[in-house]
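Colleague: Questions regarding the structure given below will be posed in turn.
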Amino acid sequence: VALVPQGGNTGLVAGAVPHDGAVVVDLRALDHLEAVDVAAAQVTVGAGTTLEALQEHVAPHGLSFGVDLGARDSATVGGMVATNAGGLHVVRYGSMRSQVLGLEAVLGTGEVVAANLGGLVKDNTGYDLAGLICGSEGTLGIVTRVRLRLVPTPEERLVLLLGLPSVADAVDVLARVRARPTLHSVELMRAPDLALVEAHLDRPFPLQPLPPCVLLVELAGADPSPDLERLVTELGLPDERTAVAEGDPAAAGMWRWREAHPEAAAALGLVHKADVTLPAGGLAPFVGSVEAAVEASAPGATTLVYGHLADGNLHVNVVGPDADDDRPLDAVLELVLGHGGSVSAEHGIGRAKRAWLLRQRGEAAVAAMRDLKSALDPDGVLNPGVLLP
Ligand code: S2G
Ligand code: ZN
């Protein structure tokens with residue numbers, strides 16, 4: 001019987017949708033939280049633990065989890081491992097694969113495999129099964145427990161908004177921002193999309209008039225203010241083009257502008273989502289041509305472009321085309337491949353992007369993936385129809 005593992009069901013590429021009589025394996029009951037290993041700054045949790053529950057469990061120990069994302073109240077750790085989730089702090093801590101020290105999973109054969117659940121930071125004994133299962137989207141094994149790396153909670157957070165004339169300017173600023181040791185996030189927003197968010201939140205953005213391009217930069221650590229001052233001085237932006245928030249409540253207020261982008265798109269109608277990566281040199285040209293690429297096949301569509309600029313990861317949200325009209329997103333993904341980018345940065349392949357895997361990875365790599373699949377799931381019961389074309 002085909003099995004479809006599900007955690008919080010917050011996936012964005014139809015990677016956990018049952019078809020043809022498949023049985024959904026709901027993992028949310030596996031939500032136990034083991035004691036935090038403070039000395040090692042690690043913890044083992046059940047796959048069904050929500051990201052929010054994990055964050056609350058480790059916070060009293062002065063520890064945080066390196067991956068954070070908007071769906072934290074329902075996304076589960078197991079699902080985040082299965083999709084190798086990225087989120088808001090990849091530039092500082094990496095994606096889920098960088099937080100996973102070990103895991104337990106049930107393979108398609110029914111075998112229960114434990115890979116370094118003890119969390120040894122160095123265990124160079126054979127293939128990295130945890131790393132392989134991370135990002136396999138439930139097609140090689142069902143994750144049941146995960147051993148995670150934790151990070152010291154930064155004492156102070158500063159969130160800076162930088163109003164810039166263009167995406168090219170924002171990409172130029174990246175090098176200076178990356179140089180700051182307290183850097184935790186760099187998110188791109190654009191004026192037309194911020195105007196939609198202003199309408200959605202029914203309040204004005206802190207920088208007025210809306211700059212063509214805005215970078216949200218989070219600096220966090222023991223004392224991030226020298227980094228902030230140095231960055232603002234180096235950039236030499238006029239005061240009216242910068243805004244700073246200090247401390248959690250004010251920082252959350254600034255983040256609300258970025259996290260409300262998908263909501264503002266959804267408020268307009270059905271959203272066709274592309275989650276893409278561009279090489280640094282391709283970011284500005286891509287943003288400069290993506291709306292025309294959409295317009296060609298979907299006149300009058302609304303296209304939002306925002307995301308994790310330091311990771312080269314942009315979210316393209318298109319509203320307007322019918323649910324079954326893939327032409328606009330196909331045009332976006334062709335443009336991405338034309339720039340040497342990736343058709344999926346952090347959301348995974350699921351069912352939605354399966355047709356693009358061969359284009360992205362090539363015959364030999366996909367053949368190797370099939371070999372791995374047939375070894376670990378010989379009967380093809382794990383999430384059939386997902387990831388592999
Ligand atoms: C983001 C998740 C939200 C979405 O905003 O960073 O990865 O719906 C996305 O695309
Ligand atoms: Zn994202």
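Letters A, B, ... mark the chains of the structure tokens in the order given; residue numbers begin at 1 per chain; ligand numbers begin at 1, in order shown.
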Distance limit 7 Å, reference ligand 2, atoms considered: only C-alpha atoms and all ligand atoms. Which residues make the cut? Give them as a PyMOL selection string.

Modeller: chain A and resi 86-88+307-308+315+346

Colleague: Keeping all heavy atoms, export the residues of the selection given above as an mmCIF file, in the first residue's frame.

Modeller:
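And here is the file that came out, out18.cif:
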data_model
loop_
_atom_site.group_PDB
_atom_site.id
_atom_site.type_symbol
_atom_site.label_atom_id
_atom_site.label_comp_id
_atom_site.auth_asym_id
_atom_site.auth_seq_id
_atom_site.Cartn_x
_atom_site.Cartn_y
_atom_site.Cartn_z
ATOM 1 N N GLY A 86 14.647 25.670 4.330
ATOM 2 C CA GLY A 86 15.656 26.733 4.435
ATOM 3 C C GLY A 86 15.224 27.801 5.418
ATOM 4 O O GLY A 86 15.671 27.853 6.540
ATOM 5 N N GLY A 87 14.323 28.686 4.987
ATOM 6 C CA GLY A 87 13.812 29.719 5.895
ATOM 7 C C GLY A 87 14.691 30.950 5.951
ATOM 8 O O GLY A 87 15.415 31.273 5.019
ATOM 9 N N LEU A 88 14.644 31.613 7.101
ATOM 10 C CA LEU A 88 15.077 33.005 7.206
ATOM 11 C C LEU A 88 16.524 33.218 7.627
ATOM 12 O O LEU A 88 17.032 34.333 7.566
ATOM 13 C CB LEU A 88 14.139 33.724 8.203
ATOM 14 C CG LEU A 88 12.644 33.572 7.885
ATOM 15 C CD1 LEU A 88 11.782 34.082 9.025
ATOM 16 C CD2 LEU A 88 12.289 34.249 6.568
ATOM 17 N N GLY A 307 12.352 37.632 -1.256
ATOM 18 C CA GLY A 307 12.979 36.446 -0.675
ATOM 19 C C GLY A 307 14.363 36.640 -0.108
ATOM 20 O O GLY A 307 14.811 37.744 0.183
ATOM 21 N N HIS A 308 15.004 35.470 0.023
ATOM 22 C CA HIS A 308 16.247 35.369 0.790
ATOM 23 C C HIS A 308 17.442 35.722 -0.106
ATOM 24 O O HIS A 308 18.099 34.833 -0.651
ATOM 25 C CB HIS A 308 16.370 33.953 1.338
ATOM 26 C CG HIS A 308 15.059 33.351 1.797
ATOM 27 N ND1 HIS A 308 14.380 33.783 2.931
ATOM 28 C CD2 HIS A 308 14.257 32.395 1.254
ATOM 29 C CE1 HIS A 308 13.253 33.087 3.083
ATOM 30 N NE2 HIS A 308 13.143 32.251 2.079
ATOM 31 N N HIS A 315 11.354 34.187 -4.175
ATOM 32 C CA HIS A 315 10.027 33.587 -4.289
ATOM 33 C C HIS A 315 9.256 34.413 -5.316
ATOM 34 O O HIS A 315 9.157 35.640 -5.174
ATOM 35 C CB HIS A 315 9.318 33.594 -2.936
ATOM 36 C CG HIS A 315 9.988 32.694 -1.943
ATOM 37 N ND1 HIS A 315 10.230 31.370 -2.207
ATOM 38 C CD2 HIS A 315 10.517 32.920 -0.727
ATOM 39 C CE1 HIS A 315 10.865 30.828 -1.187
ATOM 40 N NE2 HIS A 315 11.057 31.748 -0.283
ATOM 41 N N GLU A 346 14.219 25.834 -1.811
ATOM 42 C CA GLU A 346 14.028 25.308 -0.444
ATOM 43 C C GLU A 346 12.730 24.526 -0.270
ATOM 44 O O GLU A 346 12.586 23.772 0.674
ATOM 45 C CB GLU A 346 14.063 26.451 0.575
ATOM 46 C CG GLU A 346 13.076 27.551 0.269
ATOM 47 C CD GLU A 346 13.107 28.699 1.276
ATOM 48 O OE1 GLU A 346 13.972 28.749 2.156
ATOM 49 O OE2 GLU A 346 12.213 29.559 1.178
#

Colleague: Please find the residues contacting ligand 1 at a distance of at most 9 Å between atoms, with only C-alpha atoms and all ligand atoms counted, and report them as a PyMOL selection string.

Modeller: chain A and resi 10-12+69-71+85-88+187+258-263+265-266+271+273-275+306-308+313-317+345-347

Colleague: Where does DSSP see helix (DSSP H, G or I) in segment 136-331 of chain A, if you list the residues as a PyMOL selection string?

Modeller: chain A and resi 167-178+191-201+225-235+239-241+248-259+261-268+280-297+309-311+327-331

Colleague: Using only C-alpha atoms, tabulate the residues of segment 229-298 of chain A lying at most 9 Å from any atom of segment 169-182 of chain A, each with its closest atom pair and that distance in Å to one decimal, by chain and increasing residue number, as a tab-separated table.

Modeller:
residue	atom	partner	partner_atom	distance
A:Arg230	CA	A:Arg180	CA	8.8
A:Leu231	CA	A:Val177	CA	6.9
A:Glu234	CA	A:Arg176	CA	8.1
A:Leu235	CA	A:Val173	CA	7.7
A:Ala280	CA	A:Val171	CA	7.3
A:Gly281	CA	A:Val171	CA	8.4
A:Leu283	CA	A:Val171	CA	7.6
A:Ala284	CA	A:Val171	CA	7.4

Colleague: Nearest residue to Val77 of chain A out of A:Gly7, A:Gly119, A:Gly62, A:Gly131, using only C-alpha atoms?

Modeller: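 Of all the options, A:Gly7 lies closest to Val77 of chain A.
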
Colleague: Asp311 of chain A: which residues within 8 Å, counting only C-alpha atoms, same-chain residues fewer than 4 positions away excluded, as a ChimeraX atom specification?

Modeller: /A:90-91,277

Colleague: Would you please give, as a VMD selection string, all residues of segment 189-227 of chain A that DSSP assigns to strand (DSSP E or B) based on the backbone?

Modeller: chain A and resid 189 to 190 213 to 221

Colleague: Go ahead and write the selection's residues with N, CA and C atoms as a short mmCIF file (atom, residue, chain, number, x, y, z; two decimals), in the first residue's frame.

Modeller:
data_model
loop_
_atom_site.label_atom_id
_atom_site.label_comp_id
_atom_site.auth_asym_id
_atom_site.auth_seq_id
_atom_site.Cartn_x
_atom_site.Cartn_y
_atom_site.Cartn_z
N MET A 189 12.74 42.93 -0.68
CA MET A 189 11.34 43.29 -0.95
C MET A 189 11.35 44.40 -2.00
N ARG A 190 10.23 44.54 -2.75
CA ARG A 190 10.17 45.56 -3.80
C ARG A 190 8.96 46.45 -3.60
N CYS A 213 13.42 49.34 -3.98
CA CYS A 213 13.91 48.06 -3.48
C CYS A 213 14.24 48.24 -2.00
N VAL A 214 13.88 47.23 -1.18
CA VAL A 214 14.18 47.32 0.27
C VAL A 214 14.89 46.04 0.69
N LEU A 215 15.98 46.19 1.44
CA LEU A 215 16.61 45.03 2.07
C LEU A 215 16.25 45.05 3.55
N LEU A 216 15.75 43.92 4.04
CA LEU A 216 15.58 43.73 5.49
C LEU A 216 16.81 42.96 5.95
N VAL A 217 17.60 43.58 6.81
CA VAL A 217 18.85 42.96 7.28
C VAL A 217 18.73 42.73 8.78
N GLU A 218 18.91 41.48 9.22
CA GLU A 218 18.89 41.22 10.67
C GLU A 218 20.31 40.96 11.14
N LEU A 219 20.72 41.75 12.14
CA LEU A 219 22.03 41.56 12.80
C LEU A 219 21.73 41.12 14.23
N ALA A 220 22.38 40.06 14.69
CA ALA A 220 22.05 39.56 16.04
C ALA A 220 23.32 39.01 16.69
N GLY A 221 23.40 39.20 18.01
CA GLY A 221 24.58 38.70 18.73
C GLY A 221 24.70 39.39 20.07
#

Colleague: Which residues come within 9 Å of segment 28-35 of chain A, counting only C-alpha atoms, excluding same-chain residues fewer than 4 positions away, as a list in words?

Modeller: Gln6, Gly7, Gly8, Val43, Thr44, Val45, Gly46, Ala47, Gly48, Thr49, Thr50, Ala53, Leu54, His57, Thr76, Thr144 and Arg145 of chain A

Colleague: Between atom CA of Gly138 of chain A and atom CA of Ala22 of chain A, what is the spacing in Å?

Modeller: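 Atom-to-atom, atom CA of Ala22 of chain A to atom CA of Gly138 of chain A, that is 13.4 Å.
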
Colleague: Please list as a PyMOL selection string every residue within 10 Å of Leu140 of chain A, counting only C-alpha atoms and excluding residues in the same chain fewer than 5 positions away.

Modeller: chain A and resi 82+105-109+132-135+369+372-378+380-383

Colleague: Can you tell me which residues surround Arg351 of chain A at a distance of at most 9 Å, considering only C-alpha atoms, apart from same-chain residues fewer than 3 positions away, and format the answer as a PDB file with C-alpha atoms, in the first residue's frame?

Modeller:
ATOM      1  CA  VAL A  13       4.931  21.612  -3.847  1.00  0.00           C
ATOM      2  CA  ALA A  14       2.217  18.947  -3.306  1.00  0.00           C
ATOM      3  CA  GLY A  15       4.746  16.606  -1.680  1.00  0.00           C
ATOM      4  CA  ALA A  16       2.297  15.180   0.882  1.00  0.00           C
ATOM      5  CA  VAL A  17      -0.953  14.814  -1.059  1.00  0.00           C
ATOM      6  CA  ARG A 354       8.754  16.714 -10.919  1.00  0.00           C
ATOM      7  CA  ALA A 355       8.761  17.457 -14.647  1.00  0.00           C
ATOM      8  CA  GLY A 385       4.763  10.145  -7.621  1.00  0.00           C
ATOM      9  CA  VAL A 386       6.803  12.596  -5.559  1.00  0.00           C
ATOM     10  CA  LEU A 387      10.228  13.970  -6.490  1.00  0.00           C
ATOM     11  CA  LEU A 388      11.271  11.346  -9.092  1.00  0.00           C
ATOM     12  CA  PRO A 389       9.773  11.850 -12.583  1.00  0.00           C
TER      13      PRO A 389
END
